[in-house]
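Q: Let me begin by handing over the structure; questions about it come next.
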Amino acid sequence: MSKRLRSSEVCADCSGPDPSWASVNRGTFLCDECCSVHRSLGRHISQVRHLKHTPWPPTLLQMVETLYNNGANSIWEHSLLDPASIMSGKRKANPQDKVHPNKAEFIRAKYQMLAFVHRLPCRDDDSVTAKDLSKQLHSSVRTGNLETCLRLLSLGAQANFFHPEKGNTPLHVASKAGQILQAELLAVYGADPGTQDSSGKTPVDYARQGGHHELAERLVEIQYELTDRLAFYLCGRKPDHKNGQHFIIPQMADSSLDLSELAKAAKKKLQSLSNHLFEELAMDVYDEVDRRETDAVWLATQNHSALVTETTVVPFLPVNPEYSSTRNQGRQKLARFNAHEFATLVIDILSDAKRRQQGSSLSGSKENVELILKTINNQHSVESQDNDQPDYDSVASDEDTDLETTANKANRQKSLDSDLSDGPVTVQEFMEVKNALVASEAKIQQLMKASRLEKQNSTPESDYDNTPNDMEPDGMGSSRKGRQRSMVWPGDGLVPDTAEPHVAPSPTLPSTEDVIRKTEQITKNIQELLRAAQENKHDSYIPCSERIHVAVTEMAALFPKKPKSDMVRTSLRLLTSSAYRLQSECKKTLPGDPGSPTDVQLVTQQVIQCAYDIAKAAKQLVTITTKENNN
């Protein structure tokens, strides 16, 4: 690295000589003093690495150098280059300025507030602007012009943007063109190497097809960056991805591991976390590993002068305003783990990540759609349907039991109200979700047939009407010779042969057949919505959502207002809240709606996600009632 750095290189923030740190996502080099401020901002603002004492993937370092040498800093200081800025008193920091408050205030304004970034002219339709920027990024990544792409990203272009006409993402384009530095930049900004295009191919596939073997190997490394970093932190080794080894689980002496009862309990809680919460915890531990490693490099490279003071220490992970207060508290508690406790947690995460490998991707903020399809298709046990999961905050603390309990409840409520799904579903994947719903409907029908057969075997024959060719009211096309006289299918318009009230097998839950019937109705309405999405019939979203809402309301009405079962309450809450969210999202397709998002594609993503949540909750209720009524 010393050969690469030239004496002319200066700190991007104060112009101090001989910068020894880099901000990876900003494409700048930093001096020690300015780096201390960057570290206090958090990795969501600036991702810092030491240029000499931190291991670098060669192409990542090359990407940062290329950005620096091509004037990436002018992106973040655009308005300061205007002579009028000098006249108005605006100026950048200089080496003689104090770290606090002078340099710190300037750096926060530059990177956190983006005070000097060039602003696009205001337009009436901001969604078009965001979409245009992402489309420009989509076209630009096939060239080697990194600074143009960084400028687009700084203005709001999305690294994971799925081009509706091209049917792929910028990372697909960069990989096909063999632009490895563009791929590095996109990955830094959250691009997922595992994303499939409309043909079902990933960026790795295109890199291999084009003979860009170095790029293909690097993309695989990026996919496993999280677990690789955790393993390297403990044992200094990384998996051999070329030969199919994707995980290393470090083995430590028993005396080095935390084997307390609390640690064992935490491990069980870790394994019980949903994939979504597990991924959040894994990313938080990744950030804590980065903080600890950077601290070690920081202390080793300073001369222990006035620089090493309380003002340059980062004692725990800085607050990320995009996260909930509960999650930020959990992140900060990670700093209280001693070496043995933290090593135990890291090993547990690596072990569980390997266990979940087939169903989860930890390389980015988007979960693999295979996890969603698996959730919809598979018939889970009742235990796995309980969304009342322990918050990972309990894993990240060894005291404050009362605070932990309160945090858990707060996080659970937040999850129930807004984020009970296993992850977002993108537009290009909704056909797979549709196919999964078809399979789900088939499974529901199998359950229904089994339930009817069991009821026939347990009910006197006199209870059935022997009218021939009595077709099913839902139009499935199946028929049977008899119909139970006392059974009324809610909403089917049929009149029972007697006035006897329907009695469910369980005194507190409706019959399994009632729940299955409503689930079928919900599923068919969801399929209709997905067909509308497939055909870009956005004006059909609202009527479809209304029909789904009616079906959900009818299904929820089958259950007691205050169910005794926590699982039933959780599933009903997910069912009804997702139906309301679905209506709200669909209304955003109306022209001139004040809550209109960036583009219709984003609406479709949210609509599909809500539909998935509804299908998931309905399936849970089928499972619960089936088990309870059979007991």
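Note on naming: chains are A, B, ... as they come in the structure tokens, residues start from 1 per chain, ligands start from 1 in the order shown.
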Residues of segment 126-256 of chain A in helix (DSSP H, G or I) according to DSSP, as a ChimeraX atom specification?

A: /A:126-140,146-155,170-177,180-188,203-209,213-223,225-235,241-243,254-256

Q: Output C-alpha atoms for every residue in that selection, as a short mmCIF file (atom, residue, chain, number, x, y, z; two decimals), in the first residue's frame.

A:
```cif
data_model
loop_
_atom_site.label_atom_id
_atom_site.label_comp_id
_atom_site.auth_asym_id
_atom_site.auth_seq_id
_atom_site.Cartn_x
_atom_site.Cartn_y
_atom_site.Cartn_z
CA ASP A 126 -39.85 13.13 -7.35
CA SER A 127 -40.59 9.49 -8.16
CA VAL A 128 -39.59 10.06 -11.79
CA THR A 129 -36.34 11.64 -10.63
CA ALA A 130 -35.42 8.68 -8.45
CA LYS A 131 -36.31 6.23 -11.19
CA ASP A 132 -34.34 8.19 -13.77
CA LEU A 133 -31.28 8.24 -11.53
CA SER A 134 -31.47 4.49 -11.03
CA LYS A 135 -31.85 3.94 -14.77
CA GLN A 136 -28.81 6.14 -15.39
CA LEU A 137 -26.88 4.06 -12.87
CA HIS A 138 -28.09 0.93 -14.66
CA SER A 139 -26.53 2.23 -17.90
CA SER A 140 -23.38 3.73 -16.39
CA LEU A 146 -16.77 5.04 -11.14
CA GLU A 147 -17.16 8.65 -10.07
CA THR A 148 -20.27 9.06 -12.24
CA CYS A 149 -21.88 6.07 -10.54
CA LEU A 150 -20.88 7.33 -7.09
CA ARG A 151 -22.47 10.69 -7.92
CA LEU A 152 -25.70 8.97 -8.96
CA LEU A 153 -25.69 6.90 -5.76
CA SER A 154 -25.13 10.04 -3.70
CA LEU A 155 -28.20 11.61 -5.32
CA PRO A 170 -27.08 -2.74 -12.18
CA LEU A 171 -24.96 -5.53 -10.70
CA HIS A 172 -26.13 -7.88 -13.47
CA VAL A 173 -25.03 -5.30 -16.04
CA ALA A 174 -21.65 -4.67 -14.41
CA SER A 175 -20.99 -8.41 -14.08
CA LYS A 176 -21.86 -9.11 -17.69
CA ALA A 177 -19.50 -6.32 -18.77
CA ILE A 180 -15.19 -5.57 -11.27
CA LEU A 181 -14.64 -2.12 -9.71
CA GLN A 182 -18.23 -1.12 -10.48
CA ALA A 183 -19.34 -4.37 -8.83
CA GLU A 184 -17.31 -3.45 -5.75
CA LEU A 185 -18.93 -0.03 -5.58
CA LEU A 186 -22.44 -1.41 -6.01
CA ALA A 187 -21.81 -4.04 -3.32
CA VAL A 188 -20.62 -1.35 -0.89
CA PRO A 203 -24.59 -11.65 -11.37
CA VAL A 204 -22.27 -14.55 -10.53
CA ASP A 205 -23.76 -16.52 -13.42
CA TYR A 206 -23.10 -13.69 -15.88
CA ALA A 207 -19.55 -13.18 -14.66
CA ARG A 208 -18.79 -16.86 -15.18
CA GLN A 209 -20.45 -16.95 -18.59
CA HIS A 213 -13.45 -15.52 -13.30
CA GLU A 214 -11.86 -13.07 -10.86
CA LEU A 215 -15.10 -11.12 -10.72
CA ALA A 216 -17.17 -14.28 -10.23
CA GLU A 217 -14.96 -15.39 -7.33
CA ARG A 218 -15.13 -11.95 -5.77
CA LEU A 219 -18.93 -11.87 -6.00
CA VAL A 220 -19.10 -15.19 -4.16
CA GLU A 221 -16.84 -13.72 -1.47
CA ILE A 222 -19.17 -10.72 -1.19
CA GLN A 223 -22.12 -13.07 -0.70
CA GLU A 225 -18.69 -11.40 3.51
CA LEU A 226 -20.56 -11.35 6.81
CA THR A 227 -19.73 -14.87 7.96
CA ASP A 228 -16.22 -14.67 6.48
CA ARG A 229 -15.51 -11.56 8.54
CA LEU A 230 -16.76 -13.18 11.74
CA ALA A 231 -14.66 -16.31 11.17
CA PHE A 232 -11.54 -14.29 10.35
CA TYR A 233 -12.01 -12.26 13.52
CA LEU A 234 -11.74 -15.40 15.65
CA CYS A 235 -9.23 -17.58 13.82
CA HIS A 241 -15.04 -20.73 -1.55
CA LYS A 242 -13.38 -21.98 -4.75
CA ASN A 243 -13.58 -25.52 -3.45
CA ASP A 254 -13.82 -25.21 26.49
CA SER A 255 -12.11 -22.89 28.94
CA SER A 256 -12.26 -20.11 26.35
#
```

Q: Pick out the closest residue to Asp290 of chain A from this set: A:Glu105, A:Val117, A:Asp348, A:His50. Count only C-alpha atoms.

A: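 Checking each of A:Glu105, A:Val117, A:Asp348, A:His50 against Asp290 of chain A, counting only C-alpha atoms, the winner is A:His50.
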
Q: Write out as a list in words each polymer residue whose atoms come within 12 Å of Glu65 of chain A, counting only C-alpha atoms; drop sequence neighbours fewer than 6 positions from it.

A: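 The residues that qualify are Met1, Arg4, Leu5, Arg6, Glu9, Trp21, Ala22, Ser23, Val24, Asn25, Arg26, Gly27, Thr28, Phe29, Leu51, Pro58, Thr59, Gly71, Ala72, Asn73, Leu146, Glu147, Leu181 and Leu185 of chain A.
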
Q: Which one is closest to Ser46 of chain A: A:Ser577, A:Asn320, A:Ala611, A:Leu67? Count only C-alpha atoms.

A: A:Asn320

Q: Name all residues at most 10 Å from Phe559 of chain A (count only C-alpha atoms; drop same-chain ones fewer than 3 positions away) and give them as a list in words.

A: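 Neighbouring residues, sequence-local ones excluded: Thr508, Leu509, Pro510, Ser511, Val515, Glu554, Met555, Ala556, Lys562, Pro563, Val568, Arg569, Leu572 and Leu621 of chain A.
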
Q: Let me see the file: selected residues, all heavy atoms, as a CSV table (one decimal), in the first residue's frame.

A:
```
chain,number,residue,atom,x,y,z
A,508,THR,N,-63.4,-22.9,22.0
A,508,THR,CA,-62.8,-21.5,21.8
A,508,THR,C,-62.4,-21.2,20.4
A,508,THR,O,-62.1,-20.1,20.1
A,508,THR,CB,-61.6,-21.4,22.8
A,508,THR,OG1,-60.6,-22.4,22.4
A,508,THR,CG2,-62.0,-21.5,24.2
A,509,LEU,N,-62.3,-22.2,19.5
A,509,LEU,CA,-61.9,-21.9,18.2
A,509,LEU,C,-62.9,-22.4,17.2
A,509,LEU,O,-63.7,-23.3,17.5
A,509,LEU,CB,-60.5,-22.7,17.9
A,509,LEU,CG,-59.3,-22.2,18.7
A,509,LEU,CD1,-58.1,-23.1,18.4
A,509,LEU,CD2,-59.0,-20.8,18.4
A,510,PRO,N,-62.9,-21.8,16.0
A,510,PRO,CA,-63.9,-22.3,15.0
A,510,PRO,C,-63.4,-23.6,14.4
A,510,PRO,O,-62.3,-24.1,14.7
A,510,PRO,CB,-63.8,-21.2,13.9
A,510,PRO,CG,-62.4,-20.6,14.1
A,510,PRO,CD,-62.1,-20.7,15.5
A,511,SER,N,-64.3,-24.3,13.6
A,511,SER,CA,-63.9,-25.6,13.1
A,511,SER,C,-62.8,-25.4,12.0
A,511,SER,O,-62.7,-24.3,11.4
A,511,SER,CB,-65.2,-26.2,12.4
A,511,SER,OG,-65.5,-25.5,11.2
A,515,VAL,N,-62.2,-22.5,8.8
A,515,VAL,CA,-61.0,-21.7,8.6
A,515,VAL,C,-60.3,-22.0,7.3
A,515,VAL,O,-59.8,-21.2,6.6
A,515,VAL,CB,-60.0,-22.0,9.8
A,515,VAL,CG1,-58.6,-21.3,9.5
A,515,VAL,CG2,-60.6,-21.6,11.1
A,554,GLU,N,-64.0,-11.6,7.3
A,554,GLU,CA,-64.9,-12.7,7.5
A,554,GLU,C,-64.1,-13.8,8.3
A,554,GLU,O,-64.7,-14.5,9.2
A,554,GLU,CB,-65.4,-13.2,6.2
A,554,GLU,CG,-66.4,-12.3,5.6
A,554,GLU,CD,-66.9,-12.8,4.2
A,554,GLU,OE1,-66.4,-13.8,3.8
A,554,GLU,OE2,-67.8,-12.2,3.7
A,555,MET,N,-62.9,-14.0,7.9
A,555,MET,CA,-62.1,-15.1,8.6
A,555,MET,C,-61.8,-14.7,10.0
A,555,MET,O,-62.0,-15.5,10.9
A,555,MET,CB,-60.8,-15.3,7.8
A,555,MET,CG,-60.0,-16.4,8.5
A,555,MET,SD,-58.6,-16.9,7.4
A,555,MET,CE,-57.9,-18.2,8.3
A,556,ALA,N,-61.5,-13.5,10.3
A,556,ALA,CA,-61.2,-13.0,11.6
A,556,ALA,C,-62.5,-13.1,12.5
A,556,ALA,O,-62.4,-13.4,13.7
A,556,ALA,CB,-60.7,-11.6,11.6
A,562,LYS,N,-61.3,-12.2,21.9
A,562,LYS,CA,-60.1,-12.3,22.8
A,562,LYS,C,-59.7,-13.7,22.9
A,562,LYS,O,-60.0,-14.4,23.9
A,562,LYS,CB,-60.4,-11.7,24.2
A,562,LYS,CG,-60.7,-10.2,24.1
A,562,LYS,CD,-60.9,-9.6,25.5
A,562,LYS,CE,-61.2,-8.1,25.5
A,562,LYS,NZ,-61.4,-7.6,26.9
A,563,PRO,N,-59.0,-14.3,21.9
A,563,PRO,CA,-58.6,-15.7,22.0
A,563,PRO,C,-57.6,-15.9,23.2
A,563,PRO,O,-56.8,-15.0,23.5
A,563,PRO,CB,-57.8,-15.8,20.6
A,563,PRO,CG,-58.3,-14.7,19.8
A,563,PRO,CD,-58.6,-13.6,20.7
A,568,VAL,N,-52.8,-17.7,18.4
A,568,VAL,CA,-53.9,-17.2,17.6
A,568,VAL,C,-54.0,-15.7,17.6
A,568,VAL,O,-54.2,-15.1,16.5
A,568,VAL,CB,-55.2,-17.8,18.2
A,568,VAL,CG1,-56.5,-17.1,17.5
A,568,VAL,CG2,-55.3,-19.3,18.1
A,569,ARG,N,-53.7,-15.0,18.7
A,569,ARG,CA,-53.7,-13.6,18.7
A,569,ARG,C,-52.7,-13.0,17.8
A,569,ARG,O,-52.9,-12.0,17.1
A,569,ARG,CB,-53.5,-13.1,20.2
A,569,ARG,CG,-54.7,-13.3,21.1
A,569,ARG,CD,-54.5,-12.4,22.3
A,569,ARG,NE,-53.3,-12.7,23.1
A,569,ARG,CZ,-53.2,-13.6,24.0
A,569,ARG,NH1,-54.3,-14.3,24.4
A,569,ARG,NH2,-52.1,-13.8,24.7
A,572,LEU,N,-53.8,-13.6,14.1
A,572,LEU,CA,-54.9,-12.7,13.8
A,572,LEU,C,-54.4,-11.2,13.6
A,572,LEU,O,-54.9,-10.5,12.7
A,572,LEU,CB,-56.0,-12.8,14.8
A,572,LEU,CG,-56.9,-14.0,14.8
A,572,LEU,CD1,-57.8,-14.0,16.0
A,572,LEU,CD2,-57.7,-14.1,13.5
A,621,LEU,N,-53.2,-19.9,10.9
A,621,LEU,CA,-54.4,-20.2,11.6
A,621,LEU,C,-55.0,-21.5,11.2
A,621,LEU,O,-55.6,-22.2,12.1
A,621,LEU,CB,-55.4,-19.1,11.3
A,621,LEU,CG,-55.1,-17.7,11.9
A,621,LEU,CD1,-56.0,-16.6,11.3
A,621,LEU,CD2,-55.3,-17.7,13.4
```
